[in-house]
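Source file: work.txt; contents: compact mmCIF, C-alpha atoms.
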```txt
# COMPACT_ATOMS: atom_id res chain seq x y z
CA MET A 1 -62.60 -14.46 -17.36
CA GLN A 2 -63.74 -12.83 -20.58
CA VAL A 3 -67.07 -11.12 -20.40
CA ALA A 4 -67.75 -7.39 -20.49
CA ALA A 5 -67.56 -5.70 -17.09
CA LYS A 6 -66.34 -2.33 -15.88
CA THR A 7 -64.38 -1.19 -12.90
CA THR A 8 -64.19 1.20 -9.89
CA ILE A 9 -63.73 1.12 -6.13
CA ALA A 10 -65.56 2.04 -3.00
CA ALA A 11 -65.84 0.95 0.57
CA LEU A 12 -65.42 2.65 3.92
CA SER A 13 -66.95 1.18 7.04
CA ALA A 14 -66.41 0.27 10.67
CA LEU A 15 -65.14 -3.11 11.78
CA ALA A 16 -67.94 -5.60 12.28
CA SER A 17 -68.29 -7.63 15.47
CA ALA A 18 -68.04 -11.42 15.72
CA ALA A 19 -70.12 -13.34 13.17
CA THR A 20 -73.45 -14.67 14.38
CA VAL A 21 -76.13 -16.94 12.98
CA ALA A 22 -77.93 -15.21 10.12
CA ARG A 23 -81.24 -13.55 10.88
CA ALA A 24 -84.40 -14.31 8.93
CA ASP A 25 -83.84 -11.37 6.57
CA ASP A 26 -80.47 -12.67 5.43
CA ILE A 27 -80.44 -15.13 2.56
CA PRO A 28 -80.54 -18.49 4.36
CA VAL A 29 -77.25 -20.07 5.34
CA PRO A 30 -75.40 -22.13 4.47
CA THR A 31 -75.22 -20.62 1.01
CA ALA A 32 -74.68 -22.84 -2.02
CA GLN A 33 -71.01 -21.86 -2.11
CA ALA A 34 -70.45 -22.45 1.60
CA SER A 35 -71.92 -25.95 1.26
CA ALA A 36 -69.97 -26.75 -1.93
CA LEU A 37 -66.68 -25.66 -0.34
CA HIS A 38 -67.38 -27.14 3.13
CA ALA A 39 -67.07 -23.68 4.65
CA GLU A 40 -70.36 -23.61 6.60
CA PHE A 41 -68.50 -23.35 9.91
CA LEU A 42 -66.95 -19.97 9.02
CA VAL A 43 -70.30 -18.15 9.29
CA HIS A 44 -70.51 -19.12 12.96
CA SER A 45 -66.84 -18.67 13.88
CA PRO A 46 -65.70 -15.78 16.10
CA THR A 47 -63.70 -12.93 14.63
CA PRO A 48 -59.93 -13.58 14.90
CA ALA A 49 -57.80 -11.37 17.15
CA THR A 50 -56.65 -9.42 14.09
CA PRO A 51 -59.10 -9.71 11.19
CA GLY A 52 -57.52 -10.37 7.82
CA VAL A 53 -57.99 -7.92 4.95
CA THR A 54 -58.69 -8.78 1.32
CA CYS A 55 -57.62 -5.96 -1.01
CA ILE A 56 -59.93 -5.92 -4.04
CA VAL A 57 -58.48 -4.16 -7.10
CA ASP A 58 -61.59 -3.82 -9.19
CA THR A 59 -64.48 -1.52 -10.08
CA GLY A 60 -65.10 -0.15 -6.61
CA ILE A 61 -67.81 -0.89 -4.06
CA ASN A 62 -71.16 0.81 -3.47
CA ASP A 63 -72.65 1.45 -0.05
CA ASN A 64 -75.23 -0.95 1.38
CA PRO A 65 -75.65 -2.62 4.79
CA ASP A 66 -73.44 -5.56 3.80
CA THR A 67 -70.55 -3.57 2.33
CA ASN A 68 -70.67 -0.85 5.00
CA ALA A 69 -70.02 -3.52 7.62
CA ALA A 70 -67.14 -5.13 5.71
CA VAL A 71 -65.15 -2.39 3.98
CA ILE A 72 -62.56 -0.57 6.05
CA GLY A 73 -61.00 1.58 3.35
CA ARG A 74 -61.50 2.81 -0.17
CA GLN A 75 -59.10 4.38 -2.62
CA THR A 76 -58.96 5.13 -6.33
CA VAL A 77 -56.06 5.15 -8.75
CA PHE A 78 -57.94 7.73 -10.82
CA SER A 79 -59.58 11.03 -9.91
CA GLY A 80 -63.20 11.09 -8.78
CA ASP A 81 -65.04 9.17 -6.11
CA THR A 82 -64.44 5.59 -5.08
CA SER A 83 -67.91 4.13 -5.65
CA ASP A 84 -68.54 1.31 -8.11
CA SER A 85 -68.17 2.61 -11.66
CA ASP A 86 -69.69 -0.56 -13.13
CA ALA A 87 -73.24 0.68 -13.59
CA ASP A 88 -74.29 -2.47 -15.47
CA VAL A 89 -73.05 -5.23 -13.16
CA GLN A 90 -71.65 -3.55 -10.01
CA HIS A 91 -68.74 -6.00 -10.30
CA GLY A 92 -66.69 -4.91 -7.31
CA THR A 93 -69.72 -4.52 -5.05
CA TYR A 94 -70.78 -8.12 -5.59
CA LEU A 95 -67.24 -9.37 -5.01
CA ALA A 96 -67.12 -7.63 -1.62
CA MET A 97 -70.52 -9.05 -0.60
CA ASN A 98 -69.52 -12.49 -1.84
CA ILE A 99 -66.45 -12.46 0.41
CA ALA A 100 -67.33 -10.58 3.56
CA ALA A 101 -71.04 -9.72 3.91
CA PRO A 102 -71.96 -10.20 7.59
CA ALA A 103 -74.98 -11.90 9.14
CA ASN A 104 -76.77 -8.63 9.81
CA GLY A 105 -80.35 -9.27 8.76
CA TRP A 106 -79.92 -7.79 5.27
CA GLY A 107 -78.76 -9.24 1.96
CA MET A 108 -76.43 -12.21 2.04
CA VAL A 109 -73.72 -13.75 4.22
CA GLY A 110 -70.25 -13.96 2.66
CA ILE A 111 -67.94 -16.94 2.61
CA ALA A 112 -65.84 -15.40 5.43
CA PRO A 113 -67.80 -12.64 7.22
CA GLN A 114 -64.88 -12.04 9.60
CA THR A 115 -62.85 -10.73 6.66
CA ARG A 116 -62.42 -7.01 6.05
CA VAL A 117 -62.15 -5.44 2.62
CA LEU A 118 -59.91 -2.70 1.24
CA SER A 119 -61.24 -1.39 -2.08
CA ILE A 120 -58.96 0.01 -4.78
CA ARG A 121 -60.67 1.39 -7.88
CA GLY A 122 -58.30 0.58 -10.72
CA ILE A 123 -60.45 1.67 -13.68
CA ASP A 124 -61.42 5.18 -14.69
CA SER A 125 -65.05 6.24 -14.36
CA GLY A 126 -67.02 5.26 -17.45
CA ALA A 127 -64.23 3.08 -18.88
CA HIS A 128 -64.95 -0.42 -20.15
CA SER A 129 -61.40 -1.77 -20.08
CA PHE A 130 -58.54 -1.82 -17.64
CA LEU A 131 -55.12 -0.33 -18.22
CA SER A 132 -52.17 -2.40 -17.04
CA ASN A 133 -50.38 0.55 -15.48
CA ALA A 134 -53.49 1.37 -13.44
CA TYR A 135 -53.85 -2.28 -12.43
CA ALA A 136 -50.23 -2.30 -11.27
CA ALA A 137 -50.80 0.92 -9.33
CA GLY A 138 -53.79 -0.70 -7.64
CA ILE A 139 -51.74 -3.69 -6.50
CA ASP A 140 -49.09 -1.32 -5.18
CA ARG A 141 -51.73 0.48 -3.12
CA CYS A 142 -52.62 -2.82 -1.48
CA LEU A 143 -48.95 -3.34 -0.66
CA GLN A 144 -48.53 0.19 0.73
CA ALA A 145 -51.59 -0.28 2.93
CA LYS A 146 -49.84 -3.23 4.54
CA LEU A 147 -46.38 -1.70 4.80
CA ASN A 148 -47.22 1.91 5.67
CA LYS A 149 -50.73 1.87 7.12
CA ARG A 150 -50.35 -1.36 9.07
CA MET A 151 -53.47 -2.93 7.57
CA ASN A 152 -53.43 -6.70 7.89
CA VAL A 153 -53.63 -7.25 4.11
CA GLU A 154 -53.37 -11.01 3.59
CA THR A 155 -54.70 -11.30 0.04
CA VAL A 156 -55.03 -9.24 -3.14
CA LEU A 157 -57.94 -10.18 -5.42
CA LEU A 158 -57.57 -9.62 -9.18
CA ALA A 159 -60.84 -10.58 -10.83
CA LEU A 160 -60.26 -8.72 -14.10
CA GLY A 161 -58.43 -10.43 -16.92
CA ARG A 162 -57.76 -10.60 -20.64
CA ALA A 163 -57.17 -13.44 -23.07
CA ASP A 164 -53.77 -12.26 -24.25
CA THR A 165 -50.74 -11.63 -22.08
CA ASP A 166 -49.72 -7.98 -21.94
CA THR A 167 -46.10 -8.16 -23.05
CA THR A 168 -45.54 -4.40 -22.85
CA SER A 169 -43.61 -2.70 -20.07
CA GLU A 170 -46.95 -1.89 -18.42
CA GLY A 171 -47.84 -5.58 -18.45
CA GLN A 172 -44.47 -6.43 -16.96
CA SER A 173 -45.16 -3.93 -14.19
CA VAL A 174 -48.32 -5.86 -13.27
CA GLN A 175 -46.30 -9.04 -12.93
CA ASP A 176 -43.59 -7.24 -11.00
CA GLU A 177 -46.16 -5.90 -8.54
CA ILE A 178 -47.62 -9.39 -8.08
CA SER A 179 -44.15 -10.76 -7.32
CA THR A 180 -43.40 -7.91 -4.92
CA ALA A 181 -46.67 -8.44 -3.06
CA ARG A 182 -45.88 -12.14 -2.69
CA ALA A 183 -42.40 -11.33 -1.41
CA GLN A 184 -44.00 -9.10 1.24
CA GLY A 185 -46.31 -11.86 2.49
CA ILE A 186 -49.44 -11.11 0.47
CA ALA A 187 -51.19 -13.87 -1.50
CA VAL A 188 -52.42 -12.80 -4.96
CA VAL A 189 -55.57 -14.55 -6.19
CA ALA A 190 -56.62 -14.10 -9.84
CA ALA A 191 -59.72 -15.21 -11.78
CA ALA A 192 -58.99 -17.65 -14.61
CA GLY A 193 -61.66 -16.35 -17.00
CA ASP A 194 -65.03 -17.20 -18.51
CA ASP A 195 -64.55 -17.85 -22.21
CA GLY A 196 -64.13 -21.62 -21.99
CA GLY A 197 -60.58 -21.23 -23.29
CA ALA A 198 -57.15 -20.98 -21.76
CA VAL A 199 -56.43 -19.41 -18.39
CA GLN A 200 -56.35 -15.65 -18.84
CA TRP A 201 -53.70 -13.10 -17.92
CA PRO A 202 -52.67 -12.16 -15.24
CA ALA A 203 -54.04 -15.39 -13.69
CA ARG A 204 -51.72 -17.39 -15.94
CA TYR A 205 -48.71 -15.57 -14.47
CA GLU A 206 -47.06 -18.25 -12.38
CA THR A 207 -46.82 -16.19 -9.19
CA ALA A 208 -50.57 -15.57 -9.12
CA PHE A 209 -52.93 -18.16 -7.59
CA ALA A 210 -55.22 -18.94 -10.54
CA VAL A 211 -58.82 -19.87 -9.70
CA GLY A 212 -61.35 -21.44 -12.07
CA ALA A 213 -65.13 -21.72 -11.88
CA SER A 214 -66.53 -25.13 -10.90
CA ASP A 215 -70.11 -26.38 -10.80
CA GLY A 216 -71.95 -28.14 -8.00
CA ARG A 217 -70.65 -31.55 -9.15
CA GLY A 218 -67.00 -30.52 -9.06
CA GLY A 219 -66.53 -30.15 -12.82
CA PHE A 220 -65.94 -26.92 -14.70
CA CYS A 221 -68.74 -24.47 -15.35
CA SER A 222 -69.44 -24.55 -19.09
CA SER A 223 -67.87 -21.13 -19.65
CA GLY A 224 -64.97 -21.59 -17.23
CA SER A 225 -61.46 -21.02 -18.59
CA ARG A 226 -59.04 -23.81 -17.80
CA GLY A 227 -55.59 -25.18 -18.50
CA PRO A 228 -52.30 -26.21 -16.88
CA GLU A 229 -51.83 -22.79 -15.26
CA LEU A 230 -54.97 -23.28 -13.15
CA ASP A 231 -54.31 -23.90 -9.45
CA VAL A 232 -57.72 -24.58 -7.90
CA SER A 233 -61.43 -24.09 -8.52
CA ALA A 234 -64.42 -22.96 -6.47
CA LEU A 235 -68.14 -22.80 -7.13
CA GLY A 236 -68.70 -20.32 -9.95
CA CYS A 237 -72.15 -21.07 -11.36
CA GLY A 238 -75.33 -20.87 -9.32
CA ASP A 239 -73.76 -19.16 -6.30
CA ASP A 240 -76.08 -17.42 -3.84
CA THR A 241 -75.99 -13.64 -3.54
CA ALA A 242 -78.33 -10.69 -2.95
CA LEU A 243 -79.16 -7.76 -5.19
CA TRP A 244 -76.73 -5.07 -4.14
CA ASP A 245 -79.34 -2.29 -3.78
CA THR A 246 -82.35 -4.12 -2.31
CA GLY A 247 -80.88 -7.19 -0.60
CA GLU A 248 -83.29 -9.50 -2.45
CA PRO A 249 -82.12 -13.07 -3.20
CA ALA A 250 -80.23 -13.68 -6.44
CA THR A 251 -77.70 -16.04 -7.99
CA ILE A 252 -74.38 -15.11 -9.52
CA ASP A 253 -71.99 -16.74 -12.00
CA GLY A 254 -68.40 -16.27 -13.09
CA SER A 255 -64.82 -17.06 -12.15
CA SER A 256 -64.68 -13.63 -10.49
CA THR A 257 -67.07 -15.12 -7.96
CA SER A 258 -64.88 -18.23 -7.59
CA ALA A 259 -61.72 -16.17 -7.11
CA GLY A 260 -63.48 -14.09 -4.44
CA LEU A 261 -64.40 -17.24 -2.52
CA VAL A 262 -60.80 -18.49 -2.59
CA ALA A 263 -59.49 -15.05 -1.60
CA GLY A 264 -61.89 -14.95 1.34
CA ALA A 265 -60.93 -18.46 2.45
CA LEU A 266 -57.20 -17.68 2.19
CA THR A 267 -57.58 -14.44 4.13
CA ALA A 268 -59.55 -16.17 6.90
CA LEU A 269 -57.11 -19.10 7.10
CA ARG A 270 -54.12 -16.79 7.50
CA ALA A 271 -55.94 -14.54 9.99
CA TYR A 272 -56.76 -17.50 12.24
CA GLN A 273 -53.29 -18.98 11.76
CA PRO A 274 -51.03 -15.88 11.37
CA ASP A 275 -47.80 -17.87 11.05
CA LEU A 276 -48.83 -19.21 7.63
CA SER A 277 -47.02 -17.67 4.66
CA PRO A 278 -48.88 -17.24 1.35
CA ASP A 279 -47.10 -20.33 -0.01
CA GLN A 280 -48.02 -22.42 3.03
CA ALA A 281 -51.67 -21.33 3.03
CA GLN A 282 -52.03 -21.96 -0.70
CA GLU A 283 -50.35 -25.35 -0.35
CA LEU A 284 -52.91 -26.30 2.30
CA LEU A 285 -55.73 -25.42 -0.08
CA LEU A 286 -54.05 -27.39 -2.87
CA ALA A 287 -53.25 -30.43 -0.72
CA THR A 288 -56.80 -30.71 0.66
CA ALA A 289 -58.70 -29.86 -2.56
CA GLU A 290 -61.18 -32.42 -3.87
CA GLY A 291 -61.32 -33.92 -7.35
CA ASN A 292 -58.89 -34.89 -10.05
CA GLY A 293 -57.43 -33.09 -13.03
CA GLY A 294 -57.74 -29.36 -13.57
CA SER A 295 -60.90 -28.81 -11.53
CA LYS A 296 -59.66 -29.38 -7.99
CA VAL A 297 -62.26 -27.72 -5.76
CA ILE A 298 -61.10 -26.26 -2.46
CA ASN A 299 -62.32 -27.87 0.77
CA VAL A 300 -62.15 -25.11 3.37
CA ALA A 301 -62.87 -27.37 6.34
CA ALA A 302 -60.13 -29.80 5.34
CA ALA A 303 -57.63 -26.96 4.90
CA PHE A 304 -58.46 -25.54 8.35
CA ARG A 305 -58.04 -28.99 9.90
CA ALA A 306 -54.68 -29.40 8.18
CA ALA A 307 -53.66 -26.01 9.62
CA GLY A 308 -54.39 -27.19 13.18
CA LEU A 309 -57.77 -25.45 13.41
CA ALA A 310 -59.97 -28.55 13.69
CA ALA A 311 -61.67 -27.20 16.83
CA MET A 312 -63.18 -24.36 14.80
CA VAL A 313 -64.59 -26.79 12.26
CA ASP A 314 -65.92 -29.20 14.90
CA ALA A 315 -67.67 -26.40 16.82
CA TYR A 316 -70.12 -25.93 13.97
CA GLN A 317 -73.49 -27.60 14.43
CA PRO A 318 -75.53 -27.54 11.19
CA THR A 319 -79.17 -26.48 11.24
CA ALA A 320 -81.92 -27.42 8.85
CA PRO A 321 -81.68 -25.01 5.89
CA ALA A 322 -84.70 -22.86 5.04
CA ALA A 323 -86.14 -22.97 1.53
CA PRO A 324 -84.79 -19.89 -0.30
CA PRO A 325 -87.04 -17.67 -2.42
CA LYS A 326 -86.78 -17.96 -6.18
CA PRO A 327 -83.69 -15.90 -7.05
CA ALA A 328 -82.96 -13.41 -9.76
CA VAL A 329 -79.90 -14.14 -11.89
CA ILE A 330 -76.76 -12.03 -12.19
CA THR A 331 -73.81 -12.78 -14.46
CA VAL A 332 -70.46 -11.40 -13.39
CA GLY A 333 -67.66 -11.35 -15.94
CA THR A 334 -64.39 -9.65 -16.46
CA ILE A 335 -63.47 -6.65 -18.46
CA CYS A 336 -62.62 -6.70 -22.14
CA PRO A 337 -59.41 -5.00 -23.25
CA ASP A 338 -59.72 -2.05 -25.63
CA GLY A 339 -60.51 -3.33 -29.11
CA GLY A 340 -62.13 -6.41 -27.57
CA VAL A 341 -61.23 -10.06 -27.88
CA LEU A 342 -63.54 -12.36 -29.82
CA SER A 343 -65.29 -13.68 -26.71
CA CYS A 344 -66.23 -10.10 -25.80
CA GLN A 345 -68.08 -9.52 -29.09
CA ARG A 346 -71.45 -10.42 -30.62
CA PRO A 347 -72.59 -10.33 -34.28
CA LYS A 348 -74.71 -7.34 -35.34
CA LEU A 349 -77.39 -8.26 -37.84
CA ALA A 350 -77.49 -6.06 -40.96
CA ALA A 351 -80.03 -8.02 -43.05
CA ALA A 352 -82.12 -11.21 -42.88
CA ASN A 353 -84.07 -12.52 -45.89
CA ARG A 354 -85.98 -15.73 -46.62
CA LYS A 355 -86.49 -17.36 -50.02
CA ARG A 356 -87.61 -20.91 -50.92
CA GLY A 357 -86.95 -22.44 -47.54
CA LYS A 358 -83.57 -20.80 -47.13
CA ILE A 359 -82.58 -17.85 -44.95
CA ARG A 360 -79.71 -15.54 -45.79
CA LEU A 361 -78.23 -13.65 -42.84
CA THR A 362 -75.80 -10.77 -43.24
CA VAL A 363 -73.85 -9.18 -40.39
CA ALA A 364 -72.38 -5.68 -40.23
CA ALA A 365 -68.78 -6.92 -40.00
CA VAL A 366 -66.69 -10.01 -39.21
CA PRO A 367 -63.73 -9.53 -36.83
CA ALA A 368 -60.29 -10.10 -38.30
CA GLY A 369 -59.11 -13.68 -38.03
CA SER A 370 -62.60 -15.10 -37.45
CA PHE A 371 -65.47 -16.55 -39.48
CA LEU A 372 -69.26 -16.46 -39.26
CA GLN A 373 -71.31 -19.43 -38.02
CA ALA A 374 -75.07 -20.07 -37.95
CA LYS A 375 -77.12 -22.84 -36.33
CA VAL A 376 -80.75 -23.82 -36.95
CA THR A 377 -80.98 -27.07 -34.97
CA ARG A 378 -77.96 -29.05 -33.85
CA ARG A 379 -75.15 -28.24 -36.28
CA TRP A 380 -73.21 -25.01 -36.78
CA HIS A 381 -72.74 -23.93 -40.42
CA THR A 382 -69.71 -21.84 -41.39
CA ALA A 383 -69.11 -19.05 -43.89
CA HIS A 384 -66.04 -16.90 -44.49
CA GLY A 385 -67.78 -13.69 -45.50
CA ARG A 386 -70.35 -11.35 -43.98
CA SER A 387 -73.29 -13.49 -45.19
CA ILE A 388 -74.37 -17.05 -44.53
CA THR A 389 -77.30 -19.06 -45.97
CA VAL A 390 -78.99 -21.93 -44.14
CA LYS A 391 -81.95 -24.22 -44.83
CA ALA A 392 -84.73 -23.43 -42.35
CA SER A 393 -88.18 -24.64 -43.33
CA ARG A 394 -89.33 -25.14 -39.74
CA TRP A 395 -87.67 -23.03 -37.06
CA THR A 396 -88.34 -20.72 -34.15
CA LYS A 397 -84.95 -19.05 -33.87
CA LEU A 398 -81.53 -19.04 -35.49
CA ARG A 399 -78.22 -18.44 -33.79
CA LEU A 400 -75.26 -16.50 -35.12
CA ARG A 401 -71.75 -16.28 -33.71
CA PHE A 402 -68.14 -15.61 -34.65
CA ALA A 403 -65.49 -18.31 -34.22
CA SER A 404 -61.77 -18.60 -34.79
CA ILE A 405 -59.52 -21.46 -35.80
CA ASP A 406 -58.05 -21.65 -32.29
CA GLY A 407 -61.46 -22.39 -30.79
CA GLU A 408 -62.43 -18.97 -29.45
CA ARG A 409 -66.12 -18.08 -29.68
CA SER A 410 -68.10 -14.85 -29.50
CA HIS A 411 -71.38 -14.24 -27.73
CA THR A 412 -74.37 -15.62 -29.65
CA LEU A 413 -76.94 -13.47 -31.48
CA VAL A 414 -80.47 -14.92 -31.62
CA VAL A 415 -82.49 -14.23 -34.79
CA ARG A 416 -86.26 -14.72 -34.65
CA HIS A 417 -89.08 -14.69 -37.22
CA ARG A 418 -89.77 -11.01 -36.59
CA ASP A 419 -86.23 -10.14 -37.72
CA ILE A 420 -86.68 -11.55 -41.24
CA GLY A 421 -87.06 -8.84 -43.86
CA LYS A 422 -85.81 -6.09 -41.57
CA ARG A 423 -82.56 -4.28 -42.15
CA HIS A 424 -81.02 -2.98 -38.93
CA HIS A 425 -78.51 -3.80 -36.24
CA ARG A 426 -79.78 -5.73 -33.25
CA ARG A 427 -78.37 -7.25 -30.08
CA ALA A 428 -79.92 -10.40 -28.66
CA SER A 429 -80.91 -10.55 -25.04
```

Could you show the structure in this file as structure tokens?
Amino acid sequence: MQVAAKTTIAALSALASAATVARADDIPVPTAQASALHAEFLVHSPTPATPGVTCIVDTGINDNPDTNAAVIGRQTVFSGDTSDSDADVQHGTYLAMNIAAPANGWGMVGIAPQTRVLSIRGIDSGAHSFLSNAYAAGIDRCLQAKLNKRMNVETVLLALGRADTDTTSEGQSVQDEISTARAQGIAVVAAAGDDGGAVQWPARYETAFAVGASDGRGGFCSSGSRGPELDVSALGCGDDTALWDTGEPATIDGSSTSAGLVAGALTALRAYQPDLSPDQAQELLLATAEGNGGSKVINVAAAFRAAGLAAMVDAYQPTAPAAPPKPAVITVGTICPDGGVLSCQRPKLAAANRKRGKIRLTVAAVPAGSFLQAKVTRRWHTAHGRSITVKASRWTKLRLRFASIDGERSHTLVVRHRDIGKRHHRRAS
């Protein structure tokens, strides 16, 4: 994914008991993602003899009733506490809830509430980008928890990515840690990205299990990254969640969300069928996925049946879903590397003037290797300097963006009538 998001880690809690039917205060089940992935039965399934652990290397996890019931350990690669350092999005906190929130009468119910979470904060407090050496250290902590602390770590979740492959020695260390984790029986699930372009790194690394964001019809979400390196997809736009601090209903978007769903499903599958290796479990998800082409959406029920767990699936008796309240909307993205890639940027307006039915827009700067585009109605106009002029006799808003010859796009800046004649920098909402 490629949207701005920060990173930290947090989560310490007791093991939860067997999953039960959600109470009235939980967001109604089945959630949109459970229905889309045919995973409704997991909410009502008993906890396996040894619960599986998903190790989330991310921004950390804040305390709330859902995370306190799911998280069994928290660590940080950096100094300081292990709570979520992403003050804007609470990226890691939502991932943990998305995977393992229990049916406890508060917030939401995760895709696999029997799953436990180990949180590794792999980004320094206040940082807005991840360092490869810290990311590698976070993966290693997941591995050490399995080897030395006897935690049943089945899956590592890497929901932070970047458009370009890190070819430095630090980048190689990330790939080495992924390979080592796989060799030690840990699946590594990575988010493909959210810039509509190619699969990001490290998801594109062949040993990682790359997950894209699909919509409710089985196609790609409009912003979902895609390409031949993609393995599977899961619902990544319009997923159900709850606001991390109040438990109120919300929706959430992003391939981070999709990767969390696949990580939760893989962890649960291997916990219920402990003899499955990472390769075998991933092959079951691939073989039973629905759809053609790049967007093959996992079918959790079909994968469990193929693993000899049909009795679990058949034990589920669906109930009439309750009408959910109107949700708030949250967008979860991944972190932007230092310096930013184009899809992590947005034009800053320096001047906007109108004369004789034409509007001249000037931005503060144009990133190297890109050009400026403006749209009034249906067509984007292009200029190769800091200014662009468009005909706009009747209009309510103009749109500005950066683009590159390889198809990458920036976030869009909206210019309205009140901006004409002003001279200042502005960010669109």

| When distances are computed from all atoms listed in the file, which of A:Asn98, A:Gln175, A:Asn133, A:Ser79 shows the smallest separation from Ser258 of chain A? |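 Checking each candidate against Ser258 of chain A, we get A:Asn98 as the closest.
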
| field | Residue list as number ranges by chain for point (-61.6, -24.5, -13.2), cut-off 8 Å, only C-alpha atoms | value | A: 192, 211-214, 219-221, 224-226, 230, 232-234, 294-296

Output C-alpha atoms of each residue in that selection to a file, as a CSV table (one decimal), in the coordinates of the input.
```csv
chain,number,residue,atom,x,y,z
A,192,ALA,CA,-59.0,-17.6,-14.6
A,211,VAL,CA,-58.8,-19.9,-9.7
A,212,GLY,CA,-61.4,-21.4,-12.1
A,213,ALA,CA,-65.1,-21.7,-11.9
A,214,SER,CA,-66.5,-25.1,-10.9
A,219,GLY,CA,-66.5,-30.2,-12.8
A,220,PHE,CA,-65.9,-26.9,-14.7
A,221,CYS,CA,-68.7,-24.5,-15.4
A,224,GLY,CA,-65.0,-21.6,-17.2
A,225,SER,CA,-61.5,-21.0,-18.6
A,226,ARG,CA,-59.0,-23.8,-17.8
A,230,LEU,CA,-55.0,-23.3,-13.2
A,232,VAL,CA,-57.7,-24.6,-7.9
A,233,SER,CA,-61.4,-24.1,-8.5
A,234,ALA,CA,-64.4,-23.0,-6.5
A,294,GLY,CA,-57.7,-29.4,-13.6
A,295,SER,CA,-60.9,-28.8,-11.5
A,296,LYS,CA,-59.7,-29.4,-8.0
```

| message | Report, in Å with one decimal, the straight-line distance from atom CA of Lys149 of chain A to atom CA of Ile186 of chain A. | response | 14.6 Å

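Atom to atom, atom CA of Ala352 of chain A and atom CA of Ser387 of chain A stand 9.4 Å apart.
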
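Pairwise distance (atom CA of Trp395 of chain A, atom CA of Gly421 of chain A) equals 15.7 Å.
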
| said: When you look at Asp239 of chain A with a cut-off of 12 Å (counting all atoms listed in the file), what residues show up, excluding the ones that are within fewer than 6 positions of it in the same chain? I need them as a PyMOL selection string. | reply: chain A and resi 27+30-37+94-95+98-99+108-111+213-216+221+249-258+260-261+327-332

| query | What lies within 6 Å of Ala271 of chain A using all atoms listed in the file, ignoring chain neighbours under 2 positions off, as a PyMOL selection string? | reply | chain A and resi 51-52+268-269+273-274

Considering all atoms listed in the file, return as a compact mmCIF listing (two decimals) with C-alpha atoms, in the coordinates of the input whatever protein or nucleic-acid residues lie within 7 Å of Ala263 of chain A, sequence-local ones (same chain, fewer than 4 positions apart) excluded.
```txt
# COMPACT_ATOMS: atom_id res chain seq x y z
CA THR A 54 -58.69 -8.78 1.32
CA THR A 155 -54.70 -11.30 0.04
CA LEU A 157 -57.94 -10.18 -5.42
CA VAL A 189 -55.57 -14.55 -6.19
CA ALA A 259 -61.72 -16.17 -7.11
CA THR A 267 -57.58 -14.44 4.13
```

| Using only C-alpha atoms, can you list as a list in words the residues within 9 Å of (-53.5, -14.9, -25.1)? |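 The residues that fall inside the cut-off are Arg162, Ala163, Asp164, Thr165, Asp166, Ala198, Val199, Gln200 and Trp201 of chain A.
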
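Proximity to Met97 of chain A was assessed for A:Val415, A:Leu398, A:Ala281, A:Ala242 counting only C-alpha atoms; the smallest distance is recorded for A:Ala242.
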
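The smallest atom-to-atom distance between Trp244 of chain A and any of A:Asp419, A:Asp84, A:Gln75, A:Val414, using all atoms listed in the file, is found for A:Asp84.
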
| query | Of the candidates A:Ser343, A:Thr93, A:Thr207, A:Thr76, which shows the shortest atom-to-atom distance to Leu243 of chain A, using only C-alpha atoms? | reply | A:Thr93

| query | Nearest to Thr115 of chain A: which of A:Arg418, A:Arg354, A:His38, A:Arg270 is it, counting only C-alpha atoms? | reply |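 Among the listed residues, the smallest separation from Thr115 of chain A belongs to A:Arg270.
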
Generate the missing atoms of segment 124-129 of chain A up to N, CA, C and O atoms and report them as an mmCIF file, in the frame of the given file.
```cif
data_model
loop_
_atom_site.group_PDB
_atom_site.id
_atom_site.type_symbol
_atom_site.label_atom_id
_atom_site.label_comp_id
_atom_site.auth_asym_id
_atom_site.auth_seq_id
_atom_site.Cartn_x
_atom_site.Cartn_y
_atom_site.Cartn_z
ATOM 1 N N ASP A 124 -60.878 3.831 -14.656
ATOM 2 C CA ASP A 124 -61.420 5.180 -14.690
ATOM 3 C C ASP A 124 -62.936 5.151 -14.816
ATOM 4 O O ASP A 124 -63.509 4.194 -15.366
ATOM 5 N N SER A 125 -63.595 6.151 -14.302
ATOM 6 C CA SER A 125 -65.050 6.240 -14.360
ATOM 7 C C SER A 125 -65.507 6.210 -15.819
ATOM 8 O O SER A 125 -65.005 6.947 -16.664
ATOM 9 N N GLY A 126 -66.470 5.365 -16.112
ATOM 10 C CA GLY A 126 -67.020 5.260 -17.450
ATOM 11 C C GLY A 126 -66.225 4.391 -18.396
ATOM 12 O O GLY A 126 -66.667 4.129 -19.510
ATOM 13 N N ALA A 127 -65.053 3.921 -17.996
ATOM 14 C CA ALA A 127 -64.230 3.080 -18.880
ATOM 15 C C ALA A 127 -64.790 1.664 -18.920
ATOM 16 O O ALA A 127 -65.458 1.212 -17.993
ATOM 17 N N HIS A 128 -64.509 0.961 -19.999
ATOM 18 C CA HIS A 128 -64.950 -0.420 -20.150
ATOM 19 C C HIS A 128 -63.772 -1.374 -20.333
ATOM 20 O O HIS A 128 -63.929 -2.486 -20.791
ATOM 21 N N SER A 129 -62.590 -0.920 -20.007
ATOM 22 C CA SER A 129 -61.400 -1.770 -20.080
ATOM 23 C C SER A 129 -60.403 -1.298 -19.048
ATOM 24 O O SER A 129 -60.424 -0.145 -18.630
#
```
